[in-house]
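Q: The file below is start-v8.cif, mmCIF, C-alpha atoms:
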data_input
loop_
_atom_site.label_atom_id
_atom_site.label_comp_id
_atom_site.auth_asym_id
_atom_site.auth_seq_id
_atom_site.Cartn_x
_atom_site.Cartn_y
_atom_site.Cartn_z
CA MET H 9 26.04 1.94 -33.25
CA SER H 10 28.14 4.26 -31.08
CA ARG H 11 30.38 6.96 -32.52
CA GLY H 12 33.46 5.13 -31.23
CA LEU H 13 32.55 1.88 -32.98
CA ARG H 14 31.77 3.69 -36.26
CA LEU H 15 35.13 5.45 -36.06
CA MET H 16 36.97 2.20 -35.41
CA LEU H 17 35.27 0.46 -38.34
CA VAL H 18 36.37 3.25 -40.70
CA LEU H 19 39.91 3.10 -39.31
CA LEU H 20 39.99 -0.68 -39.75
CA GLY H 21 38.97 -0.19 -43.38
CA LEU H 22 41.84 2.24 -43.91
CA ASN H 23 44.33 -0.17 -42.37
CA LEU H 24 43.05 -2.93 -44.64
CA LEU H 25 44.07 -0.68 -47.54
CA TRP H 26 47.50 -0.04 -45.99
CA ALA H 27 48.24 -3.66 -45.02
CA PRO H 28 49.21 -4.92 -48.53
CA THR H 29 51.45 -1.94 -49.35
CA LEU H 30 54.65 -3.89 -48.57
CA LEU H 31 53.69 -6.67 -50.98
CA ILE H 32 52.71 -4.15 -53.64
CA ALA H 33 55.90 -2.13 -53.09
CA LYS H 34 57.93 -5.28 -53.76
CA VAL H 35 56.38 -5.45 -57.23
CA ALA H 36 57.21 -1.80 -57.92
CA GLN H 37 60.77 -2.27 -56.64
CA GLU H 38 61.49 -4.60 -59.51
CA THR H 39 61.83 -1.38 -61.49
CA PHE H 40 62.32 1.35 -58.87
CA THR H 41 64.90 1.56 -56.10
CA PRO H 42 63.47 1.75 -52.56
CA VAL H 43 64.20 5.46 -52.02
CA GLY H 44 63.31 6.20 -55.63
CA LEU H 45 59.94 4.50 -55.17
CA ALA H 46 59.22 6.73 -52.17
CA ALA H 47 60.11 9.82 -54.24
CA VAL H 48 57.93 8.82 -57.20
CA ARG H 49 55.03 7.80 -54.97
CA TRP H 50 55.00 11.12 -53.12
CA ALA H 51 55.43 13.12 -56.32
CA LEU H 52 52.23 11.55 -57.67
CA PHE H 53 50.57 11.99 -54.26
CA ALA H 54 51.45 15.70 -54.05
CA ALA H 55 50.42 16.35 -57.66
CA THR H 56 46.99 14.80 -57.06
CA MET H 57 46.49 16.85 -53.88
CA ALA H 58 47.48 20.02 -55.75
CA VAL H 59 44.89 19.31 -58.46
CA LEU H 60 42.21 18.78 -55.80
CA ALA H 61 43.20 22.02 -54.06
CA LEU H 62 42.93 23.96 -57.32
CA ALA H 63 39.64 22.34 -58.39
CA ARG H 64 38.06 22.62 -54.91
CA PRO H 65 34.97 20.46 -55.68
CA ARG H 66 32.00 21.27 -53.45
CA TRP H 67 31.81 17.77 -52.00
CA LEU H 68 35.40 17.93 -50.73
CA PRO H 69 35.80 19.24 -47.12
CA LEU H 70 38.98 21.14 -47.91
CA THR H 71 39.95 24.39 -46.20
CA LEU H 72 43.52 25.46 -46.83
CA PRO H 73 45.57 26.58 -43.83
CA SER H 74 46.59 30.22 -43.87
CA GLY H 75 49.73 32.20 -43.14
CA ALA H 76 52.38 30.47 -41.06
CA ASP H 77 50.35 27.24 -40.92
CA ARG H 78 51.05 26.64 -44.62
CA VAL H 79 54.78 26.93 -43.98
CA LYS H 80 54.52 24.69 -40.91
CA SER H 81 52.58 22.01 -42.83
CA PHE H 82 55.16 22.05 -45.63
CA ALA H 83 58.01 21.90 -43.08
CA ILE H 84 56.46 18.90 -41.31
CA GLY H 85 56.41 17.03 -44.61
CA LEU H 86 59.86 18.22 -45.68
CA CYS H 87 61.77 17.63 -42.44
CA ILE H 88 59.86 14.92 -40.57
CA VAL H 89 57.53 12.79 -42.72
CA SER H 90 59.97 12.50 -45.65
CA ALA H 91 62.68 11.46 -43.16
CA ALA H 92 60.33 8.83 -41.71
CA HIS H 93 59.68 7.20 -45.09
CA THR H 94 63.33 7.32 -46.12
CA LEU H 95 64.40 5.82 -42.78
CA TYR H 96 61.80 3.08 -43.24
CA TYR H 97 63.15 2.02 -46.61
CA VAL H 98 66.84 2.28 -45.68
CA GLY H 99 66.32 0.61 -42.29
CA LEU H 100 64.31 -2.24 -43.81
CA GLY H 101 67.17 -2.92 -46.22
CA LEU H 102 69.59 -3.30 -43.28
CA SER H 103 67.27 -5.35 -41.07
CA SER H 104 64.58 -8.01 -41.42
CA SER H 105 60.83 -7.74 -41.89
CA ILE H 106 60.21 -9.58 -38.60
CA GLU H 107 62.33 -7.17 -36.56
CA THR H 108 60.85 -4.08 -38.22
CA ASN H 109 57.32 -5.40 -37.65
CA VAL H 110 58.13 -5.62 -33.94
CA LEU H 111 59.25 -1.98 -34.02
CA ASN H 112 55.99 -1.01 -35.74
CA THR H 113 54.09 -2.05 -32.62
CA LEU H 114 55.48 1.09 -30.93
CA LEU H 115 53.43 3.39 -33.20
CA PRO H 116 50.47 3.80 -30.80
CA VAL H 117 52.79 4.09 -27.78
CA PHE H 118 54.86 6.93 -29.26
CA THR H 119 51.71 8.64 -30.53
CA ALA H 120 49.92 8.48 -27.16
CA VAL H 121 52.92 9.96 -25.33
CA LEU H 122 53.46 12.73 -27.90
CA ALA H 123 49.73 13.54 -28.05
CA HIS H 124 49.66 13.87 -24.26
CA PHE H 125 52.51 16.38 -24.15
CA LEU H 126 52.04 18.26 -27.44
CA LEU H 127 48.25 18.22 -27.85
CA ARG H 128 47.26 18.03 -24.19
CA GLU H 129 45.21 15.01 -25.23
CA HIS H 130 43.89 13.03 -22.28
CA VAL H 131 44.85 9.35 -22.60
CA SER H 132 42.79 7.48 -20.05
CA ALA H 133 43.88 4.37 -18.15
CA ARG H 134 41.31 2.43 -20.21
CA ARG H 135 42.93 3.57 -23.46
CA TRP H 136 46.41 2.73 -22.16
CA GLY H 137 45.09 -0.73 -21.35
CA ALA H 138 43.72 -1.07 -24.88
CA ILE H 139 47.08 0.03 -26.29
CA ALA H 140 48.90 -2.52 -24.12
CA LEU H 141 46.59 -5.32 -25.30
CA GLY H 142 46.98 -4.27 -28.93
CA VAL H 143 50.78 -4.08 -28.73
CA ALA H 144 50.91 -7.49 -27.04
CA GLY H 145 48.66 -8.95 -29.74
CA ALA H 146 50.76 -7.51 -32.57
CA TYR H 147 53.89 -8.90 -30.90
CA VAL H 148 52.32 -12.36 -30.69
CA VAL H 149 51.31 -12.19 -34.37
CA VAL H 150 54.88 -11.37 -35.41
CA LEU H 151 56.97 -13.45 -32.98
CA GLY H 152 54.64 -15.80 -31.16
CA PHE H 153 55.26 -16.24 -27.45
CA GLY H 154 59.06 -16.21 -27.51
CA LEU H 155 61.57 -13.46 -26.89
CA PRO H 156 62.76 -11.40 -29.87
CA GLU H 157 66.02 -12.48 -31.46
CA LEU H 158 67.65 -9.31 -32.76
CA SER H 159 70.58 -10.02 -35.08
CA GLU H 160 73.73 -8.17 -34.11
CA GLY H 161 74.32 -7.14 -37.72
CA HIS H 162 70.87 -5.52 -37.87
CA THR H 163 71.49 -2.99 -35.09
CA LEU H 164 71.95 0.00 -37.41
CA GLY H 165 68.94 -0.95 -39.54
CA ASN H 166 66.73 -1.37 -36.47
CA LEU H 167 67.82 2.00 -35.06
CA LEU H 168 67.10 3.72 -38.38
CA TYR H 169 63.71 2.06 -38.65
CA LEU H 170 62.87 2.94 -35.03
CA ALA H 171 63.79 6.57 -35.78
CA GLY H 172 61.39 6.39 -38.74
CA VAL H 173 58.57 5.15 -36.47
CA PHE H 174 59.17 8.03 -34.07
CA CYS H 175 59.31 10.59 -36.90
CA GLU H 176 56.02 9.38 -38.35
CA CYS H 177 54.31 9.68 -34.95
CA LEU H 178 55.81 13.13 -34.36
CA GLY H 179 54.72 14.33 -37.81
CA MET H 180 51.15 13.11 -37.22
CA VAL H 181 50.86 14.81 -33.83
CA LEU H 182 52.35 18.10 -35.06
CA ALA H 183 50.05 18.05 -38.10
CA ALA H 184 47.06 17.51 -35.79
CA ARG H 185 47.72 20.88 -34.12
CA ILE H 186 47.34 22.62 -37.47
CA ILE H 187 44.43 20.45 -38.64
CA LEU H 188 42.37 21.64 -35.67
CA ARG H 189 42.70 25.22 -37.00
CA SER H 190 41.92 24.48 -40.68
CA SER H 191 41.14 21.08 -42.21
CA GLY H 192 42.84 17.72 -42.58
CA LEU H 193 42.88 17.80 -46.37
CA GLY H 194 44.14 21.38 -46.40
CA VAL H 195 47.12 20.45 -44.25
CA LEU H 196 47.73 17.35 -46.38
CA VAL H 197 48.04 19.51 -49.53
CA PHE H 198 51.07 21.35 -48.14
CA GLU H 199 52.47 18.44 -46.15
CA SER H 200 52.49 16.13 -49.19
CA ALA H 201 54.33 18.82 -51.16
CA GLY H 202 56.93 18.89 -48.41
CA VAL H 203 57.26 15.10 -48.43
CA MET H 204 57.70 15.17 -52.21
CA ALA H 205 60.52 17.70 -51.91
CA GLY H 206 62.10 15.85 -48.99
CA THR H 207 62.09 12.37 -50.56
CA ALA H 208 63.47 13.82 -53.81
CA ALA H 209 66.24 15.52 -51.82
CA PHE H 210 67.09 12.28 -50.01
CA ALA H 211 67.30 10.47 -53.36
CA LEU H 212 69.74 13.11 -54.64
CA VAL H 213 71.87 13.12 -51.48
CA LEU H 214 72.05 9.32 -51.38
CA GLY H 215 72.86 9.19 -55.10
CA ASP H 216 69.82 7.01 -55.71
CA PRO H 217 69.14 6.47 -59.44
CA VAL H 218 65.35 6.10 -58.79
CA VAL H 219 64.96 3.58 -61.63
CA ARG H 220 67.15 0.48 -61.60
CA PRO H 221 69.68 0.32 -64.45
CA GLY H 222 68.22 -1.44 -67.47
CA ALA H 223 64.74 -1.65 -65.98
CA SER H 224 61.61 -0.28 -67.62
CA PRO H 225 58.22 0.03 -65.89
CA GLY H 226 55.54 -2.43 -66.99
CA TRP H 227 51.84 -2.74 -66.23
CA GLY H 228 52.55 -4.36 -62.88
CA GLU H 229 54.74 -1.50 -61.72
CA ALA H 230 52.29 1.08 -63.09
CA LEU H 231 49.34 -0.46 -61.25
CA SER H 232 51.46 -0.71 -58.10
CA LEU H 233 52.22 3.01 -58.28
CA VAL H 234 48.53 3.82 -58.77
CA TYR H 235 47.66 1.81 -55.67
CA LEU H 236 50.46 3.27 -53.54
CA ALA H 237 49.86 6.87 -54.61
CA ALA H 238 46.08 6.98 -55.07
CA VAL H 239 44.46 4.23 -52.97
CA ALA H 240 46.88 3.76 -50.06
CA GLY H 241 47.98 7.37 -50.55
CA VAL H 242 45.53 10.14 -51.40
CA PHE H 243 42.35 8.27 -50.45
CA ALA H 244 43.53 6.51 -47.27
CA PHE H 245 45.60 9.41 -45.95
CA GLY H 246 42.88 11.87 -46.97
CA VAL H 247 40.19 10.07 -44.96
CA TRP H 248 42.61 9.65 -42.03
CA TYR H 249 43.39 13.39 -41.94
CA VAL H 250 39.69 14.27 -42.11
CA LEU H 251 39.06 12.00 -39.10
CA VAL H 252 41.84 13.75 -37.16
CA GLU H 253 39.60 16.85 -37.14
CA GLY H 254 37.35 15.22 -34.55
CA ALA H 255 39.05 12.16 -33.08
CA PRO H 256 42.00 11.69 -30.70
CA VAL H 257 45.14 10.62 -32.56
CA SER H 258 46.09 8.30 -29.68
CA LEU H 259 42.89 6.35 -30.35
CA MET H 260 43.27 6.44 -34.12
CA MET H 261 46.86 5.13 -34.19
CA LEU H 262 45.80 2.11 -32.14
CA SER H 263 43.97 0.82 -35.23
CA CYS H 264 47.31 0.46 -37.07
CA LEU H 265 48.02 -2.66 -35.01
CA VAL H 266 45.54 -4.56 -37.19
CA GLN H 267 48.08 -4.49 -40.04
CA PRO H 268 50.37 -7.35 -38.81
CA PRO H 269 47.64 -10.04 -38.78
CA VAL H 270 46.22 -8.80 -42.07
CA ALA H 271 49.71 -8.88 -43.63
CA ALA H 272 50.19 -12.43 -42.27
CA TRP H 273 46.93 -13.59 -43.82
CA LEU H 274 47.79 -11.92 -47.13
CA GLY H 275 51.15 -13.68 -47.09
CA TRP H 276 49.34 -16.97 -46.58
CA LEU H 277 46.75 -16.23 -49.28
CA ILE H 278 49.03 -14.77 -51.96
CA LEU H 279 52.54 -16.04 -51.20
CA ARG H 280 51.46 -19.38 -49.69
CA GLU H 281 53.40 -18.61 -46.53
CA ARG H 282 52.70 -20.74 -43.47
CA LEU H 283 50.02 -19.34 -41.16
CA LEU H 284 50.94 -20.21 -37.55
CA PRO H 285 48.39 -20.76 -34.72
CA HIS H 286 49.66 -17.81 -32.68
CA THR H 287 48.51 -15.47 -35.46
CA GLY H 288 44.89 -16.04 -34.44
CA VAL H 289 45.70 -15.56 -30.74
CA GLY H 290 47.47 -12.26 -31.45
CA ALA H 291 44.63 -11.09 -33.69
CA ALA H 292 42.14 -11.84 -30.89
CA LEU H 293 44.16 -9.72 -28.43
CA ILE H 294 44.28 -6.86 -30.93
CA ALA H 295 40.53 -7.12 -31.53
CA LEU H 296 39.89 -7.03 -27.77
CA GLY H 297 42.04 -3.92 -27.42
CA LEU H 298 40.19 -2.19 -30.26
CA VAL H 299 36.79 -3.01 -28.76
CA ILE H 300 37.86 -1.69 -25.36
CA ALA H 301 39.09 1.54 -26.93
CA ALA H 302 36.06 1.95 -29.20
CA THR H 303 33.59 1.50 -26.34
CA GLU H 304 35.34 3.95 -24.05
CA ARG H 305 32.88 6.39 -22.59
CA SER H 306 33.69 9.81 -23.96
CA GLY H 307 32.73 13.16 -22.58
CA LEU H 308 33.32 16.68 -23.79
CA SER H 309 36.62 18.21 -22.79
CA VAL H 310 38.60 21.06 -24.26
CA ARG H 311 42.00 20.80 -25.89
CA ALA H 312 43.79 24.09 -26.34
CA VAL H 313 45.42 24.81 -29.66
CA ARG H 314 48.18 27.35 -29.89
CA GLY H 315 47.07 30.26 -32.03
CA ARG H 316 48.94 32.00 -34.79
CA GLY H 317 50.18 34.69 -32.49
CA GLY H 318 51.84 32.20 -30.18
CA SER H 319 49.23 32.25 -27.41
CA ASP H 320 46.59 29.69 -26.73
CA GLY H 321 43.80 30.50 -29.13
CA ALA H 322 40.99 28.36 -30.49
CA THR H 323 39.73 25.45 -28.46
CA VAL H 324 38.13 22.32 -29.80
CA PRO H 325 36.26 19.41 -28.24
CA SER H 326 38.14 16.16 -27.76
CA GLU H 327 37.30 12.82 -26.26
CA SER H 328 38.23 11.98 -22.71
CA ALA H 329 37.19 9.40 -20.20
#
Go ahead and render the structure in this file as C-alpha cells.
A:
Amino acid sequence: MSRGLRLMLVLLGLNLLWAPTLLIAKVAQETFTPVGLAAVRWALFAATMAVLALARPRWLPLTLPSGADRVKSFAIGLCIVSAAHTLYYVGLGLSSSIETNVLNTLLPVFTAVLAHFLLREHVSARRWGAIALGVAGAYVVVLGFGLPELSEGHTLGNLLYLAGVFCECLGMVLAARIILRSSGLGVLVFESAGVMAGTAAFALVLGDPVVRPGASPGWGEALSLVYLAAVAGVFAFGVWYVLVEGAPVSLMMLSCLVQPPVAAWLGWLILRERLLPHTGVGAALIALGLVIAATERSGLSVRAVRGRGGSDGATVPSESA
C-alpha cells in the first residue's frame, strides 16, 4: 500500500471520530450552554495535554517548541482557534445545520490557498481537481442537486460561521509552520492552553453562564465531555498534528469532506432521519476525490520554514506533483 493511501486511511479514521461530535454535543448542551461547552471541553483538553507534557512518556513523540515558538503557539490558540470555535457555536445558533454544512465544504479550499501562500506548499492541478470533486460531493450530500436556499434571517449567522471556518484553516496553517520546527504534539500543548484561555474569555465577555440554570450534569453529559475532550479532542487532534509533521495540510484537510455523509448516515442510524438517494452519489464523488488525491505521485521538494531570527532557516521535505 502506498504512503498516500495509508495516510488517507488514517485521516478517514480521524474524521470518523469527529463526525458524531455534533450529535454528542447536543447531549452535553442539555446541561451546558454552547459557548460554555466549548470552554469546558478545551479546559479538559488543555489539562490533559499539560499532564502529557509533564510526564513525557518515552512512547510519545513530543518535543516542545522553544523560545518565541511557544508564545506563537499559545497566541494561535488564544486569538484564532478559540475565535473559530466560538464563532462556530454562535453562528450555528443563528443559522441552520444545512447552511453551515454547506459552509464547511470550504475548509479544504481555504486551507489549500493559505498553505500555498503561507507555507509555500505546492498544490498541484491534480490535487485541486480532487478538492473540487470532494467539495461537489459534500454539497450533493447536504443539498442534493438543487441550488442553496439561504434564509435572509440567517445572514449574520452564516457570516459568523464562515469566519469560523476561515479562522480554523488559518490557525492550522500557521501552526504547521511551527510544527515543522518542533513537533505536532509540542505545539498542541501550548495551542490548547491558548484555546482554553480564549474560550473562557469569550464566555466571560458574552456573559455566558456555562451551565444552564437549574441543570446538573448526569452520566450522559459526563460521557459526552469525555468523548469531546479525550477521543475527538486529545487523541484525534494529537494524531492529526503528528501527521502534519510530514504531510501537506492541503491534502489532509481534504479528508474532512467525509464528515457530511458520515453524519447523514449517523442521523439515519441513531435519529431515524430519512436517508436520501443523493447521499450515496455525493459520498461516491467524495471517495473519488480522496482516491485521486491519495494516489497522486509525490516527489521530494523543499518547503522553506522561517527561522527564529526572521530569515528562512530550516527546510523540510514536502510532497509535490
Q: Do you have, as a Markdown table, the list of residues of range 28-147 of chain H lying at most 10 Å from range 270-274 of chain H, each with its nearest atom pair and that distance in Å to one decimal, counting only C-alpha atoms and ordered by chain then number?
A:
| residue | atom | partner | partner_atom | distance |
| --- | --- | --- | --- | --- |
| H:Pro28 | CA | H:Ala271 | CA | 6.3 |
| H:Thr29 | CA | H:Ala271 | CA | 9.2 |
| H:Leu30 | CA | H:Ala271 | CA | 8.6 |
| H:Leu31 | CA | H:Ala271 | CA | 8.6 |
Q: From the list H:Leu115, H:Ile300, H:Leu265, H:Val79, which residue is nearest Gly172 in chain H when using all atoms listed in the file?
A: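 Using all atoms listed in the file, Gly172 in chain H sits closest to H:Leu115.
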Q: Could you spell out the hits of the PyMOL selection byres ((chain H and resi 12) around 8) on the shown file, as a ChimeraX atom specification?
A: /H:10-11,13-16,301-304
Q: Assuming the chain letters and numbering stay as they are in my file, what does the PyMOL selection byres ((chain H and resi 133) around 12) actually select? List them as number ranges by chain.
A: H: 120, 130-132, 134-140, 300-301, 304, 328-329
Q: Report, in Å with one decimal, the straight-line distance from CA of Leu151 in chain H to CA of Ala295 in chain H.
A: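 Going from CA of Leu151 in chain H over to CA of Ala295 in chain H, I get 17.7 Å.
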Q: Work out how far CA of Leu178 in chain H is from CA of Phe245 in chain H, in Å to one decimal.
A: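 The value is 15.9 Å.
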Q: The PyMOL selection byres ((chain H and resi 186-203) around 7) - which residues does that actually catch in the file I just gave you? List them as a ChimeraX atom specification.
A: /H:50,53-54,57-58,70-73,77-78,81-86,89-90,183-185,204-207,246,249-250,252-253
Q: What's the separation between CA of Asn112 in chain H and CA of Val173 in chain H, in Å to one decimal place?
A: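 Computing the Euclidean distance for CA of Asn112 in chain H and CA of Val173 in chain H yields 6.7 Å.
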Q: My list of candidates is H:Val242, H:Val149, H:Ala33, H:Ala208. Which is closest to Leu283 in chain H when distances are computed with only C-alpha atoms?
A: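 Among the listed residues, the smallest separation from Leu283 in chain H belongs to H:Val149.
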Q: Of the residues H:Leu170, H:Ala36, H:Leu262, H:Leu233, which is the one nearest to Leu296 in chain H, using only C-alpha atoms?
A: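 Under the stated criterion, the closest residue is H:Leu262.
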Q: Need to verify the contact set: Val289 in chain H, 10 Å, only C-alpha atoms, exclusion of same-chain residues closer than 5 positions in sequence. Can you return it as a list in words?
A: Gly145, Ala146, Val148, Val149, Gly152, Pro269, Leu284, Ile294 and Ala295 of chain H
Q: Could you check which of H:Val219, H:Leu95, H:Leu141, H:Leu102 is closest to Leu45 in chain H, using all atoms listed in the file?
A: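 That would be H:Val219, the residue with the smallest distance to Leu45 in chain H.
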Q: Would you give the centre and edge lengths, in Å to one decimal, of a box along x, y and z around the listed atoms of range 68-85 of chain H, with 5 Å added to each side, as AutoDock Vina command-line options?
A:
--center_x 46.7 --center_y 24.6 --center_z -45.8 --size_x 32.6 --size_y 25.2 --size_z 19.8
Q: Using all atoms listed in the file, which protein or nucleic acid residues come within 8 Å of Ala223 in chain H? Drop anything in the same chain fewer than 2 positions from it, and give the result as an NGL selection string.
A: :H and (38-39 or 219-221 or 225)
Q: Please determine, counting all atoms listed in the file, which residue among H:Thr41, H:Thr287, H:Ser232, H:Thr119 has the shortest atom-to-atom distance to Val181 in chain H.
A: H:Thr119
Q: Would you please work out which residue, of H:Ala171, H:Val239, H:Val247, H:Val110, is nearest to Pro69 in chain H when using all atoms listed in the file?
A: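 Of H:Ala171, H:Val239, H:Val247, H:Val110, the one nearest Pro69 in chain H, counting all atoms listed in the file, is H:Val247.
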Q: So which residues touch Phe153 in chain H within 10 Å, counting all atoms listed in the file, skipping near sequence neighbours fewer than 5 positions away, as a list in words?
A: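 Close residues of Phe153 in chain H: Ala144, Tyr147, Val148, His286 and Gly290 of chain H.
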Q: Put those residues in a file: C-alpha atoms, as a PDB file, in the frame of the given file.
A:
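Listing of part.pdb after writing:
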ATOM      1  CA  ALA H 144      50.910  -7.490 -27.040  1.00  0.00           C
ATOM      2  CA  TYR H 147      53.890  -8.900 -30.900  1.00  0.00           C
ATOM      3  CA  VAL H 148      52.320 -12.360 -30.690  1.00  0.00           C
ATOM      4  CA  HIS H 286      49.660 -17.810 -32.680  1.00  0.00           C
ATOM      5  CA  GLY H 290      47.470 -12.260 -31.450  1.00  0.00           C
TER       6      GLY H 290
END
Q: May I ask you to restore N, CA and C atoms in range 95-117 of chain H and write the result as a PDB file, in the frame of the given file?
A:
ATOM      1  N   LEU H  95      63.844   6.685 -43.824  1.00  0.00           N
ATOM      2  CA  LEU H  95      64.400   5.820 -42.780  1.00  0.00           C
ATOM      3  C   LEU H  95      63.770   4.443 -42.814  1.00  0.00           C
ATOM      4  N   TYR H  96      62.476   4.381 -43.118  1.00  0.00           N
ATOM      5  CA  TYR H  96      61.800   3.080 -43.240  1.00  0.00           C
ATOM      6  C   TYR H  96      62.476   2.225 -44.304  1.00  0.00           C
ATOM      7  N   TYR H  97      62.616   2.796 -45.489  1.00  0.00           N
ATOM      8  CA  TYR H  97      63.150   2.020 -46.610  1.00  0.00           C
ATOM      9  C   TYR H  97      64.606   1.627 -46.379  1.00  0.00           C
ATOM     10  N   VAL H  98      65.432   2.578 -45.910  1.00  0.00           N
ATOM     11  CA  VAL H  98      66.840   2.280 -45.680  1.00  0.00           C
ATOM     12  C   VAL H  98      66.994   1.291 -44.523  1.00  0.00           C
ATOM     13  N   GLY H  99      66.241   1.510 -43.442  1.00  0.00           N
ATOM     14  CA  GLY H  99      66.320   0.610 -42.290  1.00  0.00           C
ATOM     15  C   GLY H  99      65.875  -0.795 -42.627  1.00  0.00           C
ATOM     16  N   LEU H 100      64.811  -0.920 -43.420  1.00  0.00           N
ATOM     17  CA  LEU H 100      64.310  -2.240 -43.810  1.00  0.00           C
ATOM     18  C   LEU H 100      65.363  -3.003 -44.600  1.00  0.00           C
ATOM     19  N   GLY H 101      66.122  -2.271 -45.432  1.00  0.00           N
ATOM     20  CA  GLY H 101      67.170  -2.920 -46.220  1.00  0.00           C
ATOM     21  C   GLY H 101      68.317  -3.435 -45.377  1.00  0.00           C
ATOM     22  N   LEU H 102      68.496  -2.896 -44.168  1.00  0.00           N
ATOM     23  CA  LEU H 102      69.590  -3.300 -43.280  1.00  0.00           C
ATOM     24  C   LEU H 102      69.109  -4.185 -42.140  1.00  0.00           C
ATOM     25  N   SER H 103      67.823  -4.530 -42.142  1.00  0.00           N
ATOM     26  CA  SER H 103      67.270  -5.350 -41.070  1.00  0.00           C
ATOM     27  C   SER H 103      66.420  -6.450 -41.690  1.00  0.00           C
ATOM     28  N   SER H 104      65.487  -6.973 -40.919  1.00  0.00           N
ATOM     29  CA  SER H 104      64.580  -8.010 -41.420  1.00  0.00           C
ATOM     30  C   SER H 104      63.147  -7.559 -41.223  1.00  0.00           C
ATOM     31  N   SER H 105      62.230  -8.137 -41.985  1.00  0.00           N
ATOM     32  CA  SER H 105      60.830  -7.740 -41.890  1.00  0.00           C
ATOM     33  C   SER H 105      60.247  -8.098 -40.522  1.00  0.00           C
ATOM     34  N   ILE H 106      60.720  -9.192 -39.910  1.00  0.00           N
ATOM     35  CA  ILE H 106      60.210  -9.580 -38.600  1.00  0.00           C
ATOM     36  C   ILE H 106      60.597  -8.548 -37.549  1.00  0.00           C
ATOM     37  N   GLU H 107      61.866  -8.133 -37.558  1.00  0.00           N
ATOM     38  CA  GLU H 107      62.330  -7.170 -36.560  1.00  0.00           C
ATOM     39  C   GLU H 107      61.660  -5.806 -36.746  1.00  0.00           C
ATOM     40  N   THR H 108      61.488  -5.374 -37.984  1.00  0.00           N
ATOM     41  CA  THR H 108      60.850  -4.080 -38.220  1.00  0.00           C
ATOM     42  C   THR H 108      59.369  -4.121 -37.876  1.00  0.00           C
ATOM     43  N   ASN H 109      58.721  -5.270 -38.048  1.00  0.00           N
ATOM     44  CA  ASN H 109      57.320  -5.400 -37.650  1.00  0.00           C
ATOM     45  C   ASN H 109      57.165  -5.275 -36.139  1.00  0.00           C
ATOM     46  N   VAL H 110      58.147  -5.783 -35.402  1.00  0.00           N
ATOM     47  CA  VAL H 110      58.130  -5.620 -33.940  1.00  0.00           C
ATOM     48  C   VAL H 110      58.222  -4.137 -33.596  1.00  0.00           C
ATOM     49  N   LEU H 111      59.092  -3.404 -34.279  1.00  0.00           N
ATOM     50  CA  LEU H 111      59.250  -1.980 -34.020  1.00  0.00           C
ATOM     51  C   LEU H 111      57.981  -1.200 -34.371  1.00  0.00           C
ATOM     52  N   ASN H 112      57.235  -1.677 -35.361  1.00  0.00           N
ATOM     53  CA  ASN H 112      55.990  -1.010 -35.740  1.00  0.00           C
ATOM     54  C   ASN H 112      54.948  -1.018 -34.625  1.00  0.00           C
ATOM     55  N   THR H 113      55.064  -1.983 -33.713  1.00  0.00           N
ATOM     56  CA  THR H 113      54.090  -2.050 -32.620  1.00  0.00           C
ATOM     57  C   THR H 113      54.206  -0.854 -31.679  1.00  0.00           C
ATOM     58  N   LEU H 114      55.296  -0.081 -31.789  1.00  0.00           N
ATOM     59  CA  LEU H 114      55.480   1.090 -30.930  1.00  0.00           C
ATOM     60  C   LEU H 114      54.743   2.324 -31.455  1.00  0.00           C
ATOM     61  N   LEU H 115      54.144   2.243 -32.633  1.00  0.00           N
ATOM     62  CA  LEU H 115      53.430   3.390 -33.200  1.00  0.00           C
ATOM     63  C   LEU H 115      52.398   3.989 -32.245  1.00  0.00           C
ATOM     64  N   PRO H 116      51.461   3.185 -31.699  1.00  0.00           N
ATOM     65  CA  PRO H 116      50.470   3.800 -30.800  1.00  0.00           C
ATOM     66  C   PRO H 116      51.064   4.279 -29.489  1.00  0.00           C
ATOM     67  N   VAL H 117      52.160   3.659 -29.034  1.00  0.00           N
ATOM     68  CA  VAL H 117      52.790   4.090 -27.780  1.00  0.00           C
ATOM     69  C   VAL H 117      53.420   5.462 -27.949  1.00  0.00           C
TER      70      VAL H 117
END
